[in-house]
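To be precise, the following lines are query-v9.cif, and they hold mmCIF, C-alpha atoms.
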```
data_target
#
loop_
_atom_site.label_atom_id
_atom_site.label_comp_id
_atom_site.auth_asym_id
_atom_site.auth_seq_id
_atom_site.Cartn_x
_atom_site.Cartn_y
_atom_site.Cartn_z
CA MET A 1 0.00 0.00 0.00
CA VAL A 2 1.29 3.44 -0.96
CA GLY A 3 0.19 5.98 1.67
CA TYR A 4 -0.80 5.37 5.27
CA LYS A 5 -2.90 8.16 6.82
CA PHE A 6 -6.72 8.49 6.81
CA MET A 7 -7.53 6.02 4.01
CA GLY A 8 -4.42 3.97 4.79
CA LYS A 9 -5.83 3.28 8.23
CA ALA A 10 -9.26 2.37 6.82
CA HIS A 11 -7.81 0.04 4.17
CA SER A 12 -5.36 -1.62 6.57
CA HIS A 13 -8.11 -2.35 9.07
CA ALA A 14 -10.30 -3.85 6.35
CA TYR A 15 -7.57 -6.13 4.99
CA ARG A 16 -6.91 -7.46 8.47
CA ASP A 17 -10.58 -8.11 9.21
CA ILE A 18 -11.61 -9.83 5.96
CA PRO A 19 -10.62 -13.33 7.21
CA PHE A 20 -12.33 -12.65 10.55
CA TYR A 21 -15.76 -12.09 8.98
CA PHE A 22 -15.66 -13.75 5.55
CA ASN A 23 -14.46 -17.01 4.04
CA THR A 24 -12.59 -16.16 0.83
CA ASN A 25 -10.26 -18.29 -1.27
CA VAL A 26 -7.82 -15.38 -1.39
CA GLU A 27 -6.72 -13.70 1.83
CA PRO A 28 -4.68 -10.47 1.96
CA VAL A 29 -1.12 -10.55 3.30
CA LEU A 30 0.01 -7.09 4.44
CA GLN A 31 3.46 -7.33 2.90
CA ALA A 32 4.73 -3.75 2.66
CA LEU A 33 3.65 -0.19 3.39
CA CYS A 34 5.15 2.79 1.59
CA GLY A 35 5.55 6.43 2.60
CA ARG A 36 8.13 9.21 2.13
CA ASN A 37 8.89 9.83 5.81
CA GLU A 38 10.82 6.79 7.06
CA GLU A 39 10.14 7.33 10.74
CA SER A 40 6.42 7.84 10.20
CA VAL A 41 5.94 4.97 7.77
CA ARG A 42 7.91 2.62 10.02
CA GLU A 43 5.65 3.52 12.93
CA ALA A 44 2.50 3.17 10.78
CA ALA A 45 3.61 -0.21 9.43
CA SER A 46 4.17 -1.52 12.94
CA LYS A 47 0.87 -0.17 14.26
CA MET A 48 -1.29 -1.32 11.33
CA GLY A 49 0.24 -4.77 10.92
CA TRP A 50 2.40 -4.47 7.80
CA LYS A 51 5.40 -6.82 7.58
CA SER A 52 7.81 -4.27 6.09
CA TYR A 53 8.00 -0.76 4.67
CA GLU A 54 9.52 1.20 1.81
CA THR A 55 10.13 4.92 1.28
CA ASP A 56 10.06 4.75 -2.54
CA TRP A 57 6.96 3.40 -4.28
CA LYS A 58 9.02 2.49 -7.35
CA LYS A 59 10.99 0.02 -5.23
CA LEU A 60 7.74 -1.32 -3.83
CA ILE A 61 6.40 -2.06 -7.30
CA LYS A 62 9.54 -3.99 -8.26
CA ARG A 63 9.23 -6.41 -5.34
CA ASP A 64 8.44 -10.01 -6.32
CA ASP A 65 6.58 -10.70 -3.07
CA ILE A 66 3.79 -8.23 -3.87
CA ASP A 67 0.81 -8.95 -6.14
CA LEU A 68 -1.51 -6.00 -5.46
CA ILE A 69 -0.73 -2.28 -5.19
CA ASP A 70 -3.19 -0.25 -3.10
CA ILE A 71 -2.98 3.52 -3.77
CA VAL A 72 -4.17 5.83 -0.96
CA THR A 73 -2.01 8.83 -1.84
CA PRO A 74 -3.17 12.36 -2.80
CA ASN A 75 -4.91 12.52 -6.17
CA ASN A 76 -2.02 13.88 -8.23
CA SER A 77 -0.01 10.65 -7.86
CA HIS A 78 -2.75 8.13 -8.64
CA ALA A 79 -2.14 7.91 -12.38
CA GLU A 80 1.65 7.55 -12.26
CA ILE A 81 1.59 4.86 -9.61
CA ALA A 82 -1.32 2.92 -11.10
CA ILE A 83 0.12 2.86 -14.61
CA ALA A 84 3.56 1.81 -13.35
CA ALA A 85 1.99 -0.91 -11.22
CA ALA A 86 0.01 -2.27 -14.16
CA GLU A 87 3.10 -2.26 -16.36
CA ALA A 88 4.85 -4.29 -13.67
CA GLY A 89 2.02 -6.83 -13.75
CA LYS A 90 0.57 -5.82 -10.38
CA HIS A 91 -3.14 -5.69 -9.68
CA VAL A 92 -4.31 -2.20 -8.67
CA PHE A 93 -6.75 -0.88 -6.09
CA CYS A 94 -7.02 2.92 -6.11
CA GLU A 95 -8.70 5.56 -3.98
CA LYS A 96 -11.25 7.89 -5.50
CA PRO A 97 -11.41 10.05 -7.49
CA LEU A 98 -9.52 7.79 -9.84
CA ALA A 99 -7.50 10.63 -11.41
CA MET A 100 -7.04 14.38 -11.72
CA THR A 101 -8.65 14.53 -15.18
CA LEU A 102 -10.71 12.41 -17.54
CA GLU A 103 -7.72 12.01 -19.84
CA GLN A 104 -5.61 10.66 -16.97
CA SER A 105 -8.31 8.19 -16.01
CA LYS A 106 -8.56 6.93 -19.58
CA ARG A 107 -4.81 6.26 -19.62
CA MET A 108 -5.10 4.37 -16.34
CA LEU A 109 -7.89 2.20 -17.74
CA GLU A 110 -5.89 1.53 -20.91
CA ALA A 111 -2.91 0.42 -18.81
CA VAL A 112 -4.78 -2.06 -16.62
CA GLU A 113 -6.62 -3.50 -19.62
CA LYS A 114 -3.46 -3.75 -21.72
CA HIS A 115 -1.56 -5.61 -19.00
CA LYS A 116 -4.60 -7.69 -17.97
CA VAL A 117 -4.45 -6.92 -14.26
CA ILE A 118 -7.35 -6.79 -11.81
CA HIS A 119 -8.45 -3.27 -10.91
CA MET A 120 -10.91 -1.55 -8.57
CA VAL A 121 -11.57 1.99 -7.37
CA ASN A 122 -12.67 2.65 -3.80
CA HIS A 123 -16.28 3.80 -3.74
CA ASN A 124 -17.04 2.15 -0.42
CA TYR A 125 -20.51 3.63 0.11
CA ARG A 126 -21.92 1.21 -2.47
CA PHE A 127 -21.27 -1.53 0.07
CA VAL A 128 -23.42 -0.29 2.93
CA PRO A 129 -26.07 -3.03 3.42
CA ALA A 130 -28.86 -0.41 3.27
CA VAL A 131 -27.53 0.91 -0.07
CA GLN A 132 -27.30 -2.64 -1.41
CA LEU A 133 -30.93 -3.19 -0.35
CA ALA A 134 -31.88 0.02 -2.18
CA LYS A 135 -30.19 -1.37 -5.29
CA ASN A 136 -32.09 -4.65 -4.97
CA LEU A 137 -35.43 -2.86 -4.63
CA ILE A 138 -34.77 -0.75 -7.73
CA ASP A 139 -33.50 -3.67 -9.83
CA ASN A 140 -36.50 -5.79 -8.82
CA GLY A 141 -38.89 -3.07 -10.01
CA ARG A 142 -40.31 -2.22 -6.58
CA LEU A 143 -40.07 1.52 -7.33
CA GLY A 144 -41.13 1.20 -10.97
CA LYS A 145 -40.03 3.92 -13.37
CA ILE A 146 -37.66 6.34 -11.65
CA PHE A 147 -38.58 10.03 -11.79
CA HIS A 148 -36.20 11.80 -9.41
CA ILE A 149 -32.89 11.22 -7.67
CA ARG A 150 -31.58 13.87 -5.29
CA VAL A 151 -28.20 13.46 -3.69
CA THR A 152 -26.36 15.64 -1.20
CA TYR A 153 -22.96 15.30 0.42
CA LEU A 154 -22.69 17.97 3.10
CA GLN A 155 -19.75 18.64 5.42
CA ASP A 156 -18.60 21.66 7.42
CA TRP A 157 -14.98 20.99 8.39
CA ILE A 158 -13.34 23.92 6.54
CA MET A 159 -15.80 26.71 7.38
CA ASP A 160 -13.27 28.36 9.72
CA PRO A 161 -11.30 30.93 7.63
CA GLN A 162 -8.22 30.00 9.68
CA PHE A 163 -8.33 26.39 8.55
CA PRO A 164 -5.03 25.96 6.67
CA LEU A 165 -4.36 25.41 2.99
CA THR A 166 -3.97 21.61 3.16
CA TRP A 167 -3.48 19.51 0.02
CA ARG A 168 -7.24 19.04 -0.44
CA LEU A 169 -7.46 22.80 -1.08
CA ASP A 170 -4.60 22.84 -3.60
CA LYS A 171 -5.66 22.16 -7.20
CA VAL A 172 -2.17 20.99 -8.21
CA VAL A 173 -2.47 18.12 -5.74
CA SER A 174 -6.20 17.47 -5.47
CA GLY A 175 -7.55 18.43 -8.89
CA SER A 176 -10.72 19.89 -7.36
CA GLY A 177 -12.29 20.58 -3.97
CA SER A 178 -15.62 19.31 -2.67
CA HIS A 179 -16.47 18.35 -6.25
CA GLY A 180 -13.88 15.58 -6.61
CA ASP A 181 -13.77 14.73 -2.92
CA LEU A 182 -17.49 14.50 -2.16
CA ALA A 183 -19.49 14.72 -5.41
CA ALA A 184 -17.43 11.80 -6.77
CA HIS A 185 -19.11 9.59 -4.16
CA SER A 186 -22.55 11.01 -5.01
CA ILE A 187 -21.99 10.42 -8.72
CA ASP A 188 -20.97 6.82 -8.08
CA LEU A 189 -24.02 6.15 -5.90
CA ALA A 190 -26.25 7.66 -8.59
CA ARG A 191 -24.68 5.54 -11.33
CA PHE A 192 -24.89 2.42 -9.15
CA LEU A 193 -28.55 2.94 -8.27
CA ASN A 194 -29.99 4.82 -11.25
CA GLY A 195 -27.78 4.16 -14.26
CA GLU A 196 -25.75 6.38 -16.55
CA PHE A 197 -25.80 10.17 -16.73
CA LYS A 198 -26.85 11.74 -20.03
CA GLU A 199 -26.02 15.43 -19.48
CA VAL A 200 -25.33 17.87 -16.67
CA SER A 201 -25.45 21.57 -15.88
CA GLY A 202 -23.75 22.96 -12.81
CA ILE A 203 -21.82 25.61 -10.92
CA LEU A 204 -18.74 25.54 -8.71
CA GLU A 205 -18.09 28.21 -6.08
CA THR A 206 -15.26 29.13 -3.69
CA PHE A 207 -16.25 31.09 -0.57
CA ILE A 208 -12.87 31.62 1.14
CA ASN A 209 -10.14 32.49 -1.33
CA GLN A 210 -7.19 32.99 1.05
CA ARG A 211 -6.11 30.65 3.86
CA PRO A 212 -3.05 30.26 6.14
CA ILE A 213 -0.16 28.35 4.56
CA VAL A 214 -0.15 24.83 5.99
CA THR A 215 2.76 23.98 8.29
CA SER A 216 1.73 20.42 9.15
CA SER A 217 -1.18 18.13 8.36
CA SER A 218 -2.58 14.74 9.29
CA GLY A 219 -5.70 13.19 7.80
CA LEU A 220 -8.30 15.94 7.40
CA ASN A 221 -6.64 18.21 9.96
CA GLY A 222 -3.74 20.65 9.74
CA LYS A 223 -1.95 23.59 11.30
CA GLY A 224 -1.33 26.87 9.54
CA ALA A 225 1.14 29.74 9.66
CA SER A 226 0.05 32.83 11.56
CA ASP A 227 1.48 35.36 9.11
CA LYS A 228 1.39 33.78 5.63
CA THR A 229 -1.57 32.97 3.42
CA GLY A 230 -2.05 31.28 0.10
CA THR A 231 -4.76 31.18 -2.57
CA VAL A 232 -7.48 28.54 -2.53
CA ASP A 233 -7.89 27.46 -6.15
CA VAL A 234 -10.46 24.68 -5.77
CA ASP A 235 -14.22 24.77 -5.22
CA ASP A 236 -15.83 24.90 -1.79
CA THR A 237 -19.16 23.77 -3.20
CA SER A 238 -20.47 21.97 -6.27
CA ILE A 239 -24.13 22.08 -7.31
CA PHE A 240 -25.51 20.54 -10.49
CA ILE A 241 -28.59 19.09 -12.13
CA ALA A 242 -28.61 16.06 -14.38
CA ARG A 243 -30.60 14.10 -16.91
CA PHE A 244 -30.14 10.32 -16.93
CA GLU A 245 -30.31 7.80 -19.75
CA ASN A 246 -33.41 6.22 -18.15
CA GLY A 247 -35.33 9.51 -18.44
CA SER A 248 -35.11 10.53 -14.79
CA ILE A 249 -33.66 13.81 -13.55
CA GLY A 250 -31.36 14.48 -10.60
CA THR A 251 -30.10 17.22 -8.32
CA PHE A 252 -26.69 17.10 -6.64
CA GLU A 253 -25.02 19.24 -4.00
CA ALA A 254 -21.58 18.75 -2.47
CA THR A 255 -20.16 21.24 -0.01
CA ARG A 256 -17.82 21.65 2.93
CA PHE A 257 -19.73 24.73 4.11
CA ALA A 258 -22.98 23.20 5.42
CA GLY A 259 -22.76 23.98 9.13
CA GLY A 260 -23.88 21.16 11.43
CA ASN A 261 -23.29 18.45 8.81
CA ARG A 262 -20.33 16.30 9.75
CA ASN A 263 -20.80 13.75 6.98
CA GLY A 264 -24.22 14.29 5.43
CA ASN A 265 -24.02 11.77 2.59
CA ARG A 266 -27.68 11.31 1.60
CA PHE A 267 -29.95 10.34 -1.27
CA GLU A 268 -33.66 10.08 -2.05
CA ILE A 269 -35.07 8.33 -5.11
CA ASN A 270 -38.69 8.69 -6.22
CA GLY A 271 -40.38 6.26 -8.62
CA GLU A 272 -43.88 5.57 -9.90
CA LYS A 273 -44.45 2.84 -7.28
CA GLY A 274 -42.51 4.16 -4.31
CA SER A 275 -39.56 6.03 -2.85
CA ILE A 276 -36.42 5.29 -0.86
CA ARG A 277 -34.05 7.48 1.11
CA TRP A 278 -30.79 6.94 3.00
CA ASP A 279 -28.41 8.94 5.19
CA MET A 280 -24.85 7.88 5.95
CA GLU A 281 -25.12 9.44 9.40
CA ASN A 282 -27.81 6.79 10.05
CA MET A 283 -26.22 4.21 7.78
CA ASN A 284 -27.90 1.02 9.02
CA HIS A 285 -31.38 2.19 8.06
CA LEU A 286 -33.14 2.53 4.72
CA GLU A 287 -36.41 4.47 4.57
CA VAL A 288 -38.91 2.93 2.16
CA TYR A 289 -42.34 4.09 0.93
CA PHE A 290 -44.68 2.18 -1.39
CA HIS A 291 -47.67 3.83 -3.11
CA ASP A 292 -49.81 0.69 -2.79
CA ASP A 293 -49.69 0.64 1.00
CA GLU A 294 -53.11 0.75 2.66
CA PRO A 295 -54.61 4.28 2.77
CA GLY A 296 -54.21 5.81 6.19
CA LEU A 297 -51.05 3.79 6.84
CA GLN A 298 -48.96 5.22 4.06
CA GLY A 299 -45.60 6.85 4.75
CA PHE A 300 -41.91 6.07 4.96
CA ARG A 301 -41.05 2.96 6.98
CA LYS A 302 -37.59 2.56 8.47
CA ILE A 303 -35.85 -0.74 7.68
CA ASN A 304 -33.06 -1.73 10.06
CA CYS A 305 -30.72 -3.43 7.58
CA THR A 306 -28.95 -5.70 10.08
CA GLU A 307 -30.83 -8.97 9.59
CA GLU A 308 -29.25 -12.00 7.94
CA ILE A 309 -31.42 -11.49 4.85
CA HIS A 310 -29.85 -8.08 4.19
CA PRO A 311 -26.75 -7.84 1.95
CA TYR A 312 -23.48 -8.54 3.82
CA ALA A 313 -25.25 -8.38 7.20
CA GLU A 314 -25.07 -12.10 7.93
CA ALA A 315 -21.26 -11.86 8.20
CA TYR A 316 -21.47 -9.64 11.25
CA TRP A 317 -23.78 -9.48 14.29
CA PRO A 318 -27.32 -10.49 15.30
CA ALA A 319 -30.21 -8.36 14.02
CA GLY A 320 -30.29 -4.87 15.46
CA HIS A 321 -26.56 -4.83 16.21
CA SER A 322 -25.23 -2.06 13.99
CA ILE A 323 -22.12 -2.02 11.85
CA GLY A 324 -20.08 1.10 11.05
CA TYR A 325 -18.06 3.02 8.48
CA GLU A 326 -15.13 0.61 8.61
CA HIS A 327 -17.31 -2.30 7.49
CA THR A 328 -18.02 -0.64 4.15
CA PHE A 329 -14.35 -1.13 3.26
CA ILE A 330 -14.42 -4.76 4.37
CA ASN A 331 -17.47 -5.45 2.21
CA LEU A 332 -15.84 -3.82 -0.83
CA MET A 333 -12.57 -5.66 -0.35
CA VAL A 334 -14.32 -9.02 -0.12
CA ASN A 335 -15.34 -8.37 -3.72
CA LEU A 336 -11.75 -7.46 -4.55
CA MET A 337 -10.52 -10.77 -3.06
CA ASN A 338 -13.13 -12.70 -5.05
CA GLY A 339 -12.09 -10.88 -8.21
CA LEU A 340 -8.45 -11.80 -7.61
CA ASP A 341 -9.51 -15.40 -7.04
CA LYS A 342 -11.69 -15.69 -10.15
CA GLY A 343 -9.74 -13.38 -12.46
CA PHE A 344 -12.13 -10.46 -13.02
CA SER A 345 -12.30 -6.81 -11.99
CA PRO A 346 -15.32 -6.26 -9.72
CA SER A 347 -17.32 -3.07 -9.96
CA PRO A 348 -16.56 -0.30 -9.18
CA ASN A 349 -13.45 -0.69 -11.30
CA PHE A 350 -11.46 1.66 -13.50
CA THR A 351 -14.24 1.68 -16.11
CA ASP A 352 -16.52 3.09 -13.43
CA GLY A 353 -13.73 5.48 -12.47
CA VAL A 354 -13.55 6.84 -16.02
CA ARG A 355 -17.32 7.35 -16.21
CA ASN A 356 -17.26 9.06 -12.81
CA GLN A 357 -14.46 11.32 -14.00
CA ALA A 358 -16.44 12.18 -17.12
CA VAL A 359 -19.35 13.48 -15.02
CA LEU A 360 -16.99 15.41 -12.74
CA GLU A 361 -15.33 17.02 -15.74
CA ALA A 362 -18.64 17.75 -17.44
CA VAL A 363 -19.84 19.70 -14.40
CA GLU A 364 -16.62 21.70 -14.35
CA LEU A 365 -17.01 22.49 -18.07
CA SER A 366 -20.64 23.45 -17.52
CA SER A 367 -19.69 25.83 -14.72
CA HIS A 368 -17.08 27.44 -16.96
CA LYS A 369 -19.15 27.57 -20.17
CA LYS A 370 -22.55 28.11 -18.52
CA LYS A 371 -24.25 25.43 -20.63
CA TRP A 372 -25.42 21.82 -20.56
CA ILE A 373 -22.64 19.30 -21.23
CA SER A 374 -23.23 15.86 -22.76
CA ILE A 375 -21.40 12.97 -21.04
CA SER A 376 -21.16 10.88 -24.21
CA ASP A 377 -19.40 13.76 -25.99
CA LEU A 378 -16.59 13.58 -23.41
CA LEU A 379 -16.33 9.79 -23.46
CA ASN A 380 -16.24 9.39 -27.25
#
```
Could you spell out this file's structure in structure tokens?
Amino acid sequence: MVGYKFMGKAHSHAYRDIPFYFNTNVEPVLQALCGRNEESVREAASKMGWKSYETDWKKLIKRDDIDLIDIVTPNNSHAEIAIAAAEAGKHVFCEKPLAMTLEQSKRMLEAVEKHKVIHMVNHNYRFVPAVQLAKNLIDNGRLGKIFHIRVTYLQDWIMDPQFPLTWRLDKVVSGSGSHGDLAAHSIDLARFLNGEFKEVSGILETFINQRPIVTSSSGLNGKGASDKTGTVDVDDTSIFIARFENGSIGTFEATRFAGGNRNGNRFEINGEKGSIRWDMENMNHLEVYFHDDEPGLQGFRKINCTEEIHPYAEAYWPAGHSIGYEHTFINLMVNLMNGLDKGFSPSPNFTDGVRNQAVLEAVELSSHKKKWISISDLLN
């Protein structure tokens, strides 16, 4: 694994827990962790259960005792590492967003397909049991024809003007702000549940243009200089509307300036026969409404998705005993292990990453050109 902070911790925990909860023919061996700071990566490797460490990812890729490269670095290094790993015959698991640009993501997909390696991109929210139940209800026609999908991803962790200019606020490193960080998840959930986007129209906005220069950072936090500032060149919020190939329409909002929302990842889908809604801050529940319920008893019912019949739930605890954020990574990586065993790239893979990147880029173009942008025009 290249990188070891926020997502490094989440991925490491999931790899270690897969054999505890699931029986898979392939089990992960935490062979080597890579990071630039030797003291820090040594400490992280010891704490998170990795057998060894490297300070140069190029050396890591050359090692014969490694089959899979997991990329949890900042966005600007995804493409270089993934392409090099594929060329070395290594399977690749990459954090989202897949790349900085659509063109980069296309080159990454070409590389993994050319060298016939297994590939996945980490959109872990697909693997919440309640979201999987939502998918089953839609695919089984319980909602009928879909009319609306509305998705929000609301956070508030950078509202303080003194929050420093960490890498997530630097376009050279991140590629975009809340758009690529948060809306990428919303786009993937929409594609997973409702199918492909047809066209989009949106705006991006930055509210605080100057912030203290970062002096140190860890995860989502950081410390800033008291007397030096730098320019924020990414978006603080992303808002767009969409038309889908199935005829439905959607609204999307991603922001880090929604006070009181720590991780408000939510969706509601309305169809001719019913509706569903979900909130990551209450992740074990799916709210479901069916039009043919008895009059006088109609309304959203709350399904506690912890029973054995619910997707992935039987691997964990008795009904009513909740699982958490970390289990979404375990559920995703079980699919990765099965793909490695059977020789296929489970979804979401780099193909999904490219389509996600196309929507992200289309919204950016729309904000700049002030017009609707066709997704197929960017992909062809």
Legend entry - Output of the PyMOL selection byres ((chain A and resi 131) around 10), listed as a ChimeraX atom specification: /A:125-130,132-137,189,192-193,267,276-280,283-286,305,311
Inset, instruction - Starting from the shown file, work through the PyMOL selection byres ((chain A and resi 87-94) around 8) and note down what comes out as a PyMOL selection string. - result: chain A and resi 61-62+66-72+78+82-86+95-96+98+111-112+115-122
Residues just named, written with C-alpha atoms as a PDB file, keeping the file's coordinate frame:
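Final output, selection_20.pdb:
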```pdb
ATOM      1  CA  ILE A  61       6.400  -2.060  -7.300  1.00  0.00           C
ATOM      2  CA  LYS A  62       9.540  -3.990  -8.260  1.00  0.00           C
ATOM      3  CA  ILE A  66       3.790  -8.230  -3.870  1.00  0.00           C
ATOM      4  CA  ASP A  67       0.810  -8.950  -6.140  1.00  0.00           C
ATOM      5  CA  LEU A  68      -1.510  -6.000  -5.460  1.00  0.00           C
ATOM      6  CA  ILE A  69      -0.730  -2.280  -5.190  1.00  0.00           C
ATOM      7  CA  ASP A  70      -3.190  -0.250  -3.100  1.00  0.00           C
ATOM      8  CA  ILE A  71      -2.980   3.520  -3.770  1.00  0.00           C
ATOM      9  CA  VAL A  72      -4.170   5.830  -0.960  1.00  0.00           C
ATOM     10  CA  HIS A  78      -2.750   8.130  -8.640  1.00  0.00           C
ATOM     11  CA  ALA A  82      -1.320   2.920 -11.100  1.00  0.00           C
ATOM     12  CA  ILE A  83       0.120   2.860 -14.610  1.00  0.00           C
ATOM     13  CA  ALA A  84       3.560   1.810 -13.350  1.00  0.00           C
ATOM     14  CA  ALA A  85       1.990  -0.910 -11.220  1.00  0.00           C
ATOM     15  CA  ALA A  86       0.010  -2.270 -14.160  1.00  0.00           C
ATOM     16  CA  GLU A  95      -8.700   5.560  -3.980  1.00  0.00           C
ATOM     17  CA  LYS A  96     -11.250   7.890  -5.500  1.00  0.00           C
ATOM     18  CA  LEU A  98      -9.520   7.790  -9.840  1.00  0.00           C
ATOM     19  CA  ALA A 111      -2.910   0.420 -18.810  1.00  0.00           C
ATOM     20  CA  VAL A 112      -4.780  -2.060 -16.620  1.00  0.00           C
ATOM     21  CA  HIS A 115      -1.560  -5.610 -19.000  1.00  0.00           C
ATOM     22  CA  LYS A 116      -4.600  -7.690 -17.970  1.00  0.00           C
ATOM     23  CA  VAL A 117      -4.450  -6.920 -14.260  1.00  0.00           C
ATOM     24  CA  ILE A 118      -7.350  -6.790 -11.810  1.00  0.00           C
ATOM     25  CA  HIS A 119      -8.450  -3.270 -10.910  1.00  0.00           C
ATOM     26  CA  MET A 120     -10.910  -1.550  -8.570  1.00  0.00           C
ATOM     27  CA  VAL A 121     -11.570   1.990  -7.370  1.00  0.00           C
ATOM     28  CA  ASN A 122     -12.670   2.650  -3.800  1.00  0.00           C
TER      29      ASN A 122
END
```
Inset, instruction - Have a look at A:Asn140, A:Ser374, A:Thr255, A:Asn270 and name the one nearest to Val234 in chain A; count only C-alpha atoms. - result: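 Of the candidates, the smallest distance to Val234 in chain A is held by A:Thr255.
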Inset, instruction - Compile the contact shell of Pro212 in chain A as a VMD selection string: residues with an atom at most 10 Å away, counting all atoms listed in the file, same-chain residues fewer than 4 positions apart removed. - result: chain A and resid 161 to 166 223 to 232
Once 6 Å is added on each side, what are the centre and the three edge lengths, in Å to one decimal, of the axis-aligned box enclosing the listed atoms of range 242-258 of chain A? Present them as lines of an AutoDock Vina configuration file.
```
center_x = -26.6
center_y = 15.5
center_z = -7.2
size_x = 29.5
size_y = 30.5
size_z = 37.2
```
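Across the structure, CA of Ser40 in chain A and CA of Ser12 in chain A are spaced 15.5 Å apart.
You can rank A:Thr351, A:Ser367, A:Thr24, A:Asn194 by their closest distance to Gly271 in chain A using all atoms listed in the file, and at the top of that list sits A:Asn194.
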Inset, instruction - Excluding Ala190 in chain A and residues on its chain fewer than 5 positions from it, collect all residues at most 8 Å away from it, counting all atoms listed in the file, and give them as a ChimeraX atom specification. - result: /A:149,151,195
Inset, instruction - Between CA of Lys51 in chain A and CA of Leu336 in chain A, measure the distance and give it in Å to one decimal. - result: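 Rounded to one decimal, the two atoms are 21.0 Å apart.
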